[in-house]
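A.B. asks: So here's work-v9.cif, just mmCIF, C-alpha atoms:
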data_structure
loop_
_atom_site.label_atom_id
_atom_site.label_comp_id
_atom_site.auth_asym_id
_atom_site.auth_seq_id
_atom_site.Cartn_x
_atom_site.Cartn_y
_atom_site.Cartn_z
CA MET A 2 21.50 -30.78 19.26
CA ALA A 3 23.09 -29.41 16.16
CA GLY A 4 22.01 -25.89 15.31
CA SER A 5 23.66 -23.41 13.01
CA ARG A 6 21.95 -20.44 14.65
CA PHE A 7 24.20 -20.40 17.72
CA ASN A 8 26.62 -17.50 17.41
CA ALA A 9 29.80 -17.62 19.51
CA THR A 10 30.70 -14.03 18.63
CA ILE A 11 27.43 -12.70 20.00
CA HIS A 12 27.26 -15.18 22.88
CA ALA A 13 30.12 -13.63 24.89
CA PRO A 14 28.33 -11.99 27.88
CA ASN A 15 29.27 -8.38 27.20
CA ARG A 16 28.60 -8.65 23.47
CA LEU A 17 25.26 -10.32 24.15
CA GLN A 18 24.41 -7.39 26.43
CA ILE A 19 25.42 -4.92 23.73
CA CYS A 20 23.34 -6.64 21.04
CA ALA A 21 20.34 -7.00 23.36
CA PHE A 22 20.51 -3.27 24.14
CA LEU A 23 20.92 -2.24 20.49
CA ALA A 24 18.33 -4.62 19.05
CA PRO A 25 15.12 -2.72 19.89
CA LEU A 26 16.64 0.69 19.06
CA LYS A 27 17.70 2.48 15.89
CA GLU A 28 21.09 3.60 17.19
CA VAL A 29 22.80 4.53 20.44
CA GLU A 30 25.62 6.90 21.14
CA PHE A 31 28.87 5.42 22.52
CA LYS A 32 28.71 7.28 25.84
CA ALA A 33 25.08 6.33 26.42
CA LEU A 34 25.82 2.66 25.67
CA LYS A 35 28.79 2.74 28.03
CA ALA A 36 26.70 4.33 30.81
CA HIS A 37 23.73 2.00 30.46
CA LEU A 38 25.81 -1.19 30.29
CA ALA A 39 28.31 -0.03 32.93
CA LEU A 40 31.34 -0.95 30.82
CA SER A 41 34.67 0.87 30.66
CA ASP A 42 35.75 2.70 27.51
CA SER A 43 38.36 0.08 26.66
CA ALA A 44 36.08 -2.92 27.29
CA LEU A 45 33.26 -1.45 25.23
CA SER A 46 35.59 -0.43 22.40
CA LYS A 47 37.11 -3.91 22.29
CA HIS A 48 33.74 -5.63 22.06
CA LEU A 49 32.42 -3.13 19.54
CA LYS A 50 35.48 -3.75 17.35
CA THR A 51 34.79 -7.50 17.40
CA LEU A 52 31.15 -6.96 16.48
CA GLU A 53 32.05 -4.47 13.78
CA ASP A 54 34.65 -6.82 12.25
CA SER A 55 31.95 -9.50 12.09
CA GLY A 56 29.66 -7.09 10.28
CA TYR A 57 27.08 -7.07 13.06
CA ILE A 58 27.20 -3.39 13.98
CA PHE A 59 28.00 -0.11 12.32
CA LEU A 60 29.86 2.78 13.93
CA ASP A 61 29.08 6.21 12.57
CA LYS A 62 31.03 9.26 13.75
CA ARG A 63 29.06 12.45 13.30
CA ASN A 64 29.56 16.06 14.23
CA THR A 65 26.47 17.42 15.97
CA GLU A 66 26.34 20.93 17.40
CA GLY A 67 30.12 21.11 17.34
CA ARG A 68 30.63 17.81 19.15
CA SER A 69 31.83 14.59 17.63
CA ARG A 70 29.60 11.68 18.61
CA THR A 71 29.85 8.01 17.67
CA TRP A 72 26.52 6.36 16.95
CA ILE A 73 26.24 2.59 17.05
CA GLY A 74 23.53 0.36 15.66
CA LEU A 75 22.95 -3.22 14.60
CA THR A 76 23.29 -3.95 10.90
CA SER A 77 20.61 -6.11 9.29
CA GLN A 78 23.12 -8.98 9.36
CA GLY A 79 23.72 -8.35 13.05
CA ARG A 80 20.02 -8.17 13.80
CA THR A 81 19.40 -11.47 12.02
CA ALA A 82 22.34 -13.13 13.78
CA TYR A 83 21.17 -11.86 17.18
CA VAL A 84 17.54 -12.92 16.69
CA GLU A 85 18.62 -16.36 15.51
CA HIS A 86 21.02 -16.71 18.43
CA VAL A 87 18.26 -15.85 20.92
CA ALA A 88 15.95 -18.36 19.25
CA GLU A 89 18.69 -20.99 19.49
CA LEU A 90 19.26 -20.28 23.19
CA LYS A 91 15.56 -20.70 23.85
CA SER A 92 15.47 -23.94 21.92
CA LEU A 93 18.37 -25.28 24.01
CA ILE A 94 16.33 -25.10 27.19
CA ALA A 95 12.97 -25.96 25.65
CA MET B 11 29.65 -24.50 17.15
CA THR B 12 28.00 -27.81 17.96
CA GLN B 13 30.77 -28.60 20.44
CA GLN B 14 30.32 -25.23 22.13
CA GLN B 15 26.57 -25.67 22.28
CA SER B 16 26.81 -29.10 23.82
CA ASN B 17 29.16 -27.70 26.48
CA LEU B 18 26.62 -25.09 27.55
CA SER B 19 24.73 -26.04 30.67
CA LYS B 20 21.10 -25.20 31.17
CA GLN B 21 22.16 -22.71 33.84
CA GLU B 22 24.49 -20.93 31.42
CA VAL B 23 21.76 -20.65 28.81
CA GLU B 24 19.30 -19.35 31.39
CA ALA B 25 21.91 -16.84 32.57
CA SER B 26 22.30 -15.64 28.97
CA LEU B 27 18.55 -15.23 28.61
CA ARG B 28 18.47 -13.30 31.89
CA THR B 29 21.20 -11.03 30.53
CA ILE B 30 19.04 -10.34 27.50
CA ASP B 31 15.98 -9.61 29.65
CA ALA B 32 18.01 -7.28 31.86
CA SER B 33 19.23 -5.37 28.78
CA GLN B 34 15.68 -5.08 27.49
CA LYS B 35 14.56 -3.66 30.83
CA GLU B 36 17.47 -1.22 30.73
CA VAL B 37 16.37 -0.06 27.27
CA ASN B 38 12.86 0.63 28.58
CA ARG B 39 14.32 2.50 31.53
CA ALA B 40 16.59 4.51 29.24
CA ILE B 41 13.86 5.61 26.85
CA LYS B 42 11.10 6.14 29.40
CA PRO B 43 10.10 9.81 29.10
CA ASP B 44 9.73 12.31 31.90
CA ARG B 45 6.38 11.62 33.61
CA LYS B 46 5.26 15.24 33.38
CA LEU B 47 5.74 15.23 29.61
CA THR B 48 3.95 11.88 29.36
CA LEU B 49 1.03 13.21 31.40
CA ALA B 50 0.81 16.39 29.32
CA ALA B 51 0.94 14.43 26.05
CA SER B 52 -1.77 12.01 27.19
CA ILE B 53 -3.99 14.90 28.36
CA GLY B 54 -3.44 16.58 24.98
CA TYR B 55 -4.48 13.45 23.13
CA GLY B 56 -7.47 12.90 25.42
CA ALA B 57 -8.58 16.50 24.94
CA SER B 58 -8.31 16.03 21.19
CA VAL B 59 -10.54 12.93 21.30
CA PHE B 60 -12.99 14.81 23.52
CA GLY B 61 -13.13 17.83 21.23
CA PHE B 62 -13.49 15.72 18.10
CA GLY B 63 -16.33 13.83 19.73
CA PHE B 64 -18.38 17.00 19.90
CA ALA B 65 -17.18 18.57 16.65
CA GLY B 66 -19.98 16.94 14.67
CA LYS B 67 -22.65 18.36 16.94
CA PHE B 68 -21.29 21.88 17.23
CA GLY B 69 -19.57 22.32 13.89
CA ILE B 70 -16.09 22.43 12.49
CA THR B 71 -15.48 26.00 13.63
CA SER B 72 -16.71 25.41 17.17
CA PRO B 73 -14.52 25.53 20.29
CA SER B 74 -14.68 21.72 20.48
CA ALA B 75 -13.16 21.39 17.02
CA LEU B 76 -10.49 23.87 18.02
CA LEU B 77 -9.84 21.83 21.17
CA ALA B 78 -9.44 18.73 18.99
CA LEU B 79 -6.88 20.47 16.82
CA VAL B 80 -4.95 22.10 19.66
CA GLY B 81 -4.96 18.90 21.73
CA PHE B 82 -3.58 16.90 18.83
CA CYS B 83 -0.90 19.51 18.12
CA VAL B 84 0.12 19.47 21.80
CA PHE B 85 0.40 15.68 21.65
CA ILE B 86 2.54 15.75 18.49
CA CYS B 87 4.78 18.55 19.80
CA LEU B 88 5.36 16.84 23.14
CA THR B 89 6.14 13.54 21.42
CA GLY B 90 8.70 15.41 19.31
CA ILE B 91 10.20 16.98 22.44
CA ILE B 92 10.44 13.55 24.08
CA TRP B 93 12.22 12.05 21.06
CA ASN B 94 14.55 15.03 20.86
CA ARG B 95 15.47 14.68 24.53
CA GLN B 96 16.27 11.02 23.98
CA LYS B 97 18.48 11.99 21.06
CA GLN B 98 20.30 14.49 23.29
CA LYS B 99 20.86 11.63 25.76
CA GLY B 100 22.29 9.49 22.96
CA ILE B 101 19.42 7.17 22.13
CA LYS B 102 17.39 7.03 18.94
CA GLN B 103 14.26 4.93 18.93
CA ARG B 104 13.04 3.09 15.90
CA GLN B 105 9.99 4.53 14.24
CA LEU B 106 9.25 1.92 11.60
CA PRO B 107 8.48 -1.78 12.03
CA ARG B 108 10.90 -4.38 10.70
CA THR B 109 9.05 -7.65 11.17
CA LEU B 110 5.58 -8.85 10.32
CA LYS B 111 4.79 -9.13 14.02
CA GLU B 112 5.82 -5.52 14.68
CA THR B 113 3.85 -4.32 11.66
CA GLY B 114 0.74 -6.15 12.83
CA LEU B 115 1.05 -4.84 16.36
CA MET B 116 1.60 -1.30 15.11
CA ILE B 117 -1.50 -1.47 12.92
CA LEU B 118 -3.56 -2.91 15.77
CA PHE B 119 -2.24 -0.33 18.22
CA SER B 120 -2.86 2.66 15.89
CA SER B 121 -6.28 1.32 14.92
CA SER B 122 -7.32 1.08 18.57
CA PHE B 123 -6.54 4.72 19.20
CA GLY B 124 -8.10 5.68 15.89
CA ALA B 125 -11.22 3.74 16.90
CA LEU B 126 -11.45 5.74 20.14
CA TYR B 127 -11.16 8.94 18.13
CA LEU B 128 -13.89 7.99 15.68
CA GLY B 129 -15.93 6.12 18.27
CA GLY B 130 -16.44 9.23 20.36
CA PHE B 131 -17.58 11.14 17.28
CA PHE B 132 -19.94 8.59 15.76
CA LEU B 133 -21.44 7.38 19.04
CA ASN B 134 -22.17 10.98 20.01
CA GLU B 135 -23.84 11.50 16.63
CA ALA B 136 -25.92 8.39 17.30
CA GLY B 137 -27.17 9.88 20.54
CA TRP B 138 -24.69 8.52 23.07
CA GLY B 139 -23.82 11.89 24.59
CA LEU B 140 -21.36 10.45 27.09
CA ALA B 141 -19.29 8.64 24.46
CA PRO B 142 -16.73 11.46 23.96
CA TYR B 143 -16.13 11.54 27.71
CA PHE B 144 -15.46 7.81 27.95
CA CYS B 145 -13.42 7.66 24.76
CA SER B 146 -11.26 10.63 25.74
CA ILE B 147 -10.52 9.17 29.18
CA ALA B 148 -9.72 5.77 27.67
CA ALA B 149 -7.46 7.39 25.07
CA ALA B 150 -5.62 9.53 27.63
CA VAL B 151 -5.08 6.59 29.98
CA GLY B 152 -4.00 4.36 27.09
CA ILE B 153 -1.44 6.87 25.84
CA PHE B 154 -0.09 7.40 29.36
CA VAL B 155 0.28 3.66 30.03
CA TRP B 156 1.96 3.11 26.66
CA MET B 157 4.48 5.94 27.07
CA ASP B 158 5.18 5.27 30.73
CA ARG B 159 5.20 1.47 30.94
CA TYR B 160 5.89 0.28 27.38
CA PRO B 161 7.75 3.16 25.74
CA ASN B 162 9.33 0.97 23.09
CA PHE B 163 6.18 -0.92 22.13
CA PRO B 164 5.90 -2.51 19.60
CA PHE B 165 9.59 -2.46 18.68
CA GLY B 166 10.87 -4.42 21.63
CA THR B 167 8.62 -7.38 20.91
CA SER B 168 10.63 -9.14 18.23
CA THR B 169 14.07 -8.99 19.75
CA GLY B 170 13.66 -10.08 23.34
CA THR B 171 13.45 -13.50 24.85
CA ASP B 172 9.75 -13.68 24.06
CA GLU B 173 10.33 -13.14 20.37
CA GLN B 174 8.56 -15.13 17.57
#
As a first step, turn the structure in this file into structure tokens.
C.D. replies:
Amino acid sequence: MAGSRFNATIHAPNRLQICAFLAPLKEVEFKALKAHLALSDSALSKHLKTLEDSGYIFLDKRNTEGRSRTWIGLTSQGRTAYVEHVAELKSLIA
Amino acid sequence: MTQQQSNLSKQEVEASLRTIDASQKEVNRAIKPDRKLTLAASIGYGASVFGFGFAGKFGITSPSALLALVGFCVFICLTGIIWNRQKQKGIKQRQLPRTLKETGLMILFSSSFGALYLGGFFLNEAGWGLAPYFCSIAAAVGIFVWMDRYPNFPFGTSTGTDEQ
């Protein structure tokens, strides 16, 4: 059952959750992502760092209305990797 | 990777797919607009379809044409307010399709609502006086169901567990 689409980086439960949440959206702010996925600051930051180092997400700090907000989104590489990983998971139980 | 895959049990894979589904549901919950705004936007759109349906009969400067314009403006403004509120909450929805499937669904979806718009007008012209009523109700209900139940349609369709 060889398949090159399986992605161990994305497969970790919390990272899979993060990618699944980001995939249908353009971008999400750090605090909103943390609230919706019920992760702590440190856990979310750690997983985001791993995904960013793999080139799967971008982190963009912007100042809006005097507040600094970090916006997170999947890169096209990340989106492709996630979609392929989901397809591979489905093929494993097909 | 092959070694890791072969070590995955069916239960683990199913658990992963459930995680994905749960995240997708959470996205829908996160972006679902306030029901009052959804209702107002759908009524605005329905009113616009209704007004446009009678614009041919009564003229472009008639109250029905004005209703069409105002209703459409209300719909657009409320949609903008909804998107802005989501942005304040830290979520930005996609507005453009990325895959062929999403593009096709978007075209089909927009065409259906466009057909209701034009259908009310042309059927009324052809003598079906009740057409604008039916088309406006169908359009209002359709918009409400879309915004309330499937707020991310069609952009959630290519990235969930039911993708491609």
A.B. asks: List the residues selected by the PyMOL selection byres ((chain A) within 9 of (chain B)) in the file shown, writing them as an MDAnalysis selection string.
C.D. replies: chainID A and resid 2:5 7:9 12 14 17:34 37:38 70 72 80 83:84 87:88 90:91 93:94
A.B. asks: Can you measure atom CA of Leu76 of chain B to atom CA of Ser120 of chain B for me? One decimal in Å is fine.
C.D. replies: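 Result for atom CA of Leu76 of chain B versus atom CA of Ser120 of chain B: 22.6 Å, one decimal.
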A.B. asks: Take the PyMOL selection byres ((chain B and resi 60) around 12), apply it to the structure above, and return the hits as a PyMOL selection string.
C.D. replies: chain B and resi 53-59+61-66+73-82+126-131+134+139-150
A.B. asks: Report, in Å with one decimal, the straight-line distance from atom CA of Ile58 of chain A to atom CA of Thr10 of chain A.
C.D. replies: 12.1 Å
A.B. asks: If I take atom CA of Ile11 of chain A and atom CA of Asp42 of chain A, how far is one from the other in Å, to one decimal?
C.D. replies: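 Taking atom CA of Ile11 of chain A as the start and atom CA of Asp42 of chain A as the end point, the length is 19.0 Å.
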A.B. asks: Written as a PyMOL selection string, which residues does the PyMOL selection byres ((chain B and resi 157) around 12) give for the file shown?
C.D. replies: chain B and resi 38-39+41-52+85+88-89+92-93+150-156+158-164
A.B. asks: Just write the chosen residues, C-alpha atoms, as a PDB file, in the coordinates of the input.
C.D. replies:
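Below is the file that was written, selection.pdb:
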ATOM      1  CA  ASN B  38      12.860   0.630  28.580  1.00  0.00           C
ATOM      2  CA  ARG B  39      14.320   2.500  31.530  1.00  0.00           C
ATOM      3  CA  ILE B  41      13.860   5.610  26.850  1.00  0.00           C
ATOM      4  CA  LYS B  42      11.100   6.140  29.400  1.00  0.00           C
ATOM      5  CA  PRO B  43      10.100   9.810  29.100  1.00  0.00           C
ATOM      6  CA  ASP B  44       9.730  12.310  31.900  1.00  0.00           C
ATOM      7  CA  ARG B  45       6.380  11.620  33.610  1.00  0.00           C
ATOM      8  CA  LYS B  46       5.260  15.240  33.380  1.00  0.00           C
ATOM      9  CA  LEU B  47       5.740  15.230  29.610  1.00  0.00           C
ATOM     10  CA  THR B  48       3.950  11.880  29.360  1.00  0.00           C
ATOM     11  CA  LEU B  49       1.030  13.210  31.400  1.00  0.00           C
ATOM     12  CA  ALA B  50       0.810  16.390  29.320  1.00  0.00           C
ATOM     13  CA  ALA B  51       0.940  14.430  26.050  1.00  0.00           C
ATOM     14  CA  SER B  52      -1.770  12.010  27.190  1.00  0.00           C
ATOM     15  CA  PHE B  85       0.400  15.680  21.650  1.00  0.00           C
ATOM     16  CA  LEU B  88       5.360  16.840  23.140  1.00  0.00           C
ATOM     17  CA  THR B  89       6.140  13.540  21.420  1.00  0.00           C
ATOM     18  CA  ILE B  92      10.440  13.550  24.080  1.00  0.00           C
ATOM     19  CA  TRP B  93      12.220  12.050  21.060  1.00  0.00           C
ATOM     20  CA  ALA B 150      -5.620   9.530  27.630  1.00  0.00           C
ATOM     21  CA  VAL B 151      -5.080   6.590  29.980  1.00  0.00           C
ATOM     22  CA  GLY B 152      -4.000   4.360  27.090  1.00  0.00           C
ATOM     23  CA  ILE B 153      -1.440   6.870  25.840  1.00  0.00           C
ATOM     24  CA  PHE B 154      -0.090   7.400  29.360  1.00  0.00           C
ATOM     25  CA  VAL B 155       0.280   3.660  30.030  1.00  0.00           C
ATOM     26  CA  TRP B 156       1.960   3.110  26.660  1.00  0.00           C
ATOM     27  CA  ASP B 158       5.180   5.270  30.730  1.00  0.00           C
ATOM     28  CA  ARG B 159       5.200   1.470  30.940  1.00  0.00           C
ATOM     29  CA  TYR B 160       5.890   0.280  27.380  1.00  0.00           C
ATOM     30  CA  PRO B 161       7.750   3.160  25.740  1.00  0.00           C
ATOM     31  CA  ASN B 162       9.330   0.970  23.090  1.00  0.00           C
ATOM     32  CA  PHE B 163       6.180  -0.920  22.130  1.00  0.00           C
ATOM     33  CA  PRO B 164       5.900  -2.510  19.600  1.00  0.00           C
TER      34      PRO B 164
END
A.B. asks: What's the 12 Å shell around Ser46 of chain A, counting only C-alpha atoms, without same-chain residues fewer than 4 positions away, as a ChimeraX atom specification?
C.D. replies: /A:15-16,19,31-32,34-35,40-42,50-53,60,71,73
A.B. asks: Go ahead and write the selection's residues with C-alpha atoms as a compact mmCIF listing (two decimals), in the coordinates of the input.
C.D. replies:
# COMPACT_ATOMS: atom_id res chain seq x y z
CA ASN A 15 29.27 -8.38 27.20
CA ARG A 16 28.60 -8.65 23.47
CA ILE A 19 25.42 -4.92 23.73
CA PHE A 31 28.87 5.42 22.52
CA LYS A 32 28.71 7.28 25.84
CA LEU A 34 25.82 2.66 25.67
CA LYS A 35 28.79 2.74 28.03
CA LEU A 40 31.34 -0.95 30.82
CA SER A 41 34.67 0.87 30.66
CA ASP A 42 35.75 2.70 27.51
CA LYS A 50 35.48 -3.75 17.35
CA THR A 51 34.79 -7.50 17.40
CA LEU A 52 31.15 -6.96 16.48
CA GLU A 53 32.05 -4.47 13.78
CA LEU A 60 29.86 2.78 13.93
CA THR A 71 29.85 8.01 17.67
CA ILE A 73 26.24 2.59 17.05
A.B. asks: Since the input is missing atoms, can you rebuild N, CA, C and O atoms for segment 8-33 of chain A and write them as a CSV table (one decimal), keeping the file's coordinate frame?
C.D. replies:
chain,number,residue,atom,x,y,z
A,8,ASN,N,25.6,-18.4,17.9
A,8,ASN,CA,26.6,-17.5,17.4
A,8,ASN,C,27.6,-17.2,18.5
A,8,ASN,O,27.3,-16.5,19.5
A,9,ALA,N,28.8,-17.8,18.4
A,9,ALA,CA,29.8,-17.6,19.5
A,9,ALA,C,30.2,-16.2,19.7
A,9,ALA,O,30.6,-15.7,20.8
A,10,THR,N,30.3,-15.4,18.6
A,10,THR,CA,30.7,-14.0,18.6
A,10,THR,C,29.7,-13.2,19.5
A,10,THR,O,30.1,-12.5,20.4
A,11,ILE,N,28.4,-13.4,19.3
A,11,ILE,CA,27.4,-12.7,20.0
A,11,ILE,C,27.3,-13.2,21.4
A,11,ILE,O,26.9,-12.5,22.3
A,12,HIS,N,27.6,-14.5,21.6
A,12,HIS,CA,27.3,-15.2,22.9
A,12,HIS,C,28.1,-14.7,24.1
A,12,HIS,O,27.6,-14.8,25.2
A,13,ALA,N,29.3,-14.2,23.8
A,13,ALA,CA,30.1,-13.6,24.9
A,13,ALA,C,29.3,-12.6,25.7
A,13,ALA,O,28.6,-11.8,25.1
A,14,PRO,N,29.3,-12.8,27.0
A,14,PRO,CA,28.3,-12.0,27.9
A,14,PRO,C,28.2,-10.5,27.6
A,14,PRO,O,27.1,-10.0,27.4
A,15,ASN,N,29.4,-9.8,27.4
A,15,ASN,CA,29.3,-8.4,27.2
A,15,ASN,C,28.7,-8.1,25.8
A,15,ASN,O,28.0,-7.1,25.6
A,16,ARG,N,29.1,-8.9,24.8
A,16,ARG,CA,28.6,-8.6,23.5
A,16,ARG,C,27.1,-9.0,23.4
A,16,ARG,O,26.4,-8.3,22.6
A,17,LEU,N,26.7,-10.0,24.1
A,17,LEU,CA,25.3,-10.3,24.2
A,17,LEU,C,24.5,-9.2,24.7
A,17,LEU,O,23.4,-8.8,24.2
A,18,GLN,N,25.0,-8.6,25.8
A,18,GLN,CA,24.4,-7.4,26.4
A,18,GLN,C,24.3,-6.2,25.4
A,18,GLN,O,23.3,-5.6,25.3
A,19,ILE,N,25.4,-6.0,24.7
A,19,ILE,CA,25.4,-4.9,23.7
A,19,ILE,C,24.4,-5.1,22.7
A,19,ILE,O,23.6,-4.2,22.3
A,20,CYS,N,24.3,-6.3,22.1
A,20,CYS,CA,23.3,-6.6,21.0
A,20,CYS,C,21.9,-6.5,21.6
A,20,CYS,O,21.0,-6.0,20.9
A,21,ALA,N,21.7,-7.0,22.8
A,21,ALA,CA,20.3,-7.0,23.4
A,21,ALA,C,19.9,-5.6,23.6
A,21,ALA,O,18.7,-5.2,23.4
A,22,PHE,N,20.8,-4.7,23.9
A,22,PHE,CA,20.5,-3.3,24.1
A,22,PHE,C,20.3,-2.6,22.8
A,22,PHE,O,19.3,-1.8,22.7
A,23,LEU,N,21.1,-2.9,21.8
A,23,LEU,CA,20.9,-2.2,20.5
A,23,LEU,C,19.7,-2.7,19.7
A,23,LEU,O,19.1,-2.0,18.9
A,24,ALA,N,19.3,-4.0,19.9
A,24,ALA,CA,18.3,-4.6,19.0
A,24,ALA,C,17.0,-3.9,18.9
A,24,ALA,O,16.5,-3.7,17.8
A,25,PRO,N,16.4,-3.4,20.0
A,25,PRO,CA,15.1,-2.7,19.9
A,25,PRO,C,15.2,-1.2,19.5
A,25,PRO,O,14.2,-0.6,19.3
A,26,LEU,N,16.5,-0.7,19.3
A,26,LEU,CA,16.6,0.7,19.1
A,26,LEU,C,17.2,0.9,17.7
A,26,LEU,O,17.7,0.0,17.0
A,27,LYS,N,17.1,2.2,17.2
A,27,LYS,CA,17.7,2.5,15.9
A,27,LYS,C,19.2,2.6,16.0
A,27,LYS,O,20.0,2.0,15.3
A,28,GLU,N,19.7,3.5,16.9
A,28,GLU,CA,21.1,3.6,17.2
A,28,GLU,C,21.3,4.3,18.6
A,28,GLU,O,20.4,4.9,19.1
A,29,VAL,N,22.5,4.0,19.1
A,29,VAL,CA,22.8,4.5,20.4
A,29,VAL,C,24.2,5.2,20.4
A,29,VAL,O,25.1,4.7,19.7
A,30,GLU,N,24.3,6.2,21.1
A,30,GLU,CA,25.6,6.9,21.1
A,30,GLU,C,26.6,6.2,22.1
A,30,GLU,O,26.1,5.6,23.1
A,31,PHE,N,27.9,6.2,21.8
A,31,PHE,CA,28.9,5.4,22.5
A,31,PHE,C,28.8,5.7,24.0
A,31,PHE,O,28.7,4.7,24.8
A,32,LYS,N,28.7,6.9,24.4
A,32,LYS,CA,28.7,7.3,25.8
A,32,LYS,C,27.4,6.8,26.5
A,32,LYS,O,27.5,6.3,27.7
A,33,ALA,N,26.3,6.8,25.8
A,33,ALA,CA,25.1,6.3,26.4
A,33,ALA,C,25.2,4.8,26.6
A,33,ALA,O,24.7,4.3,27.6
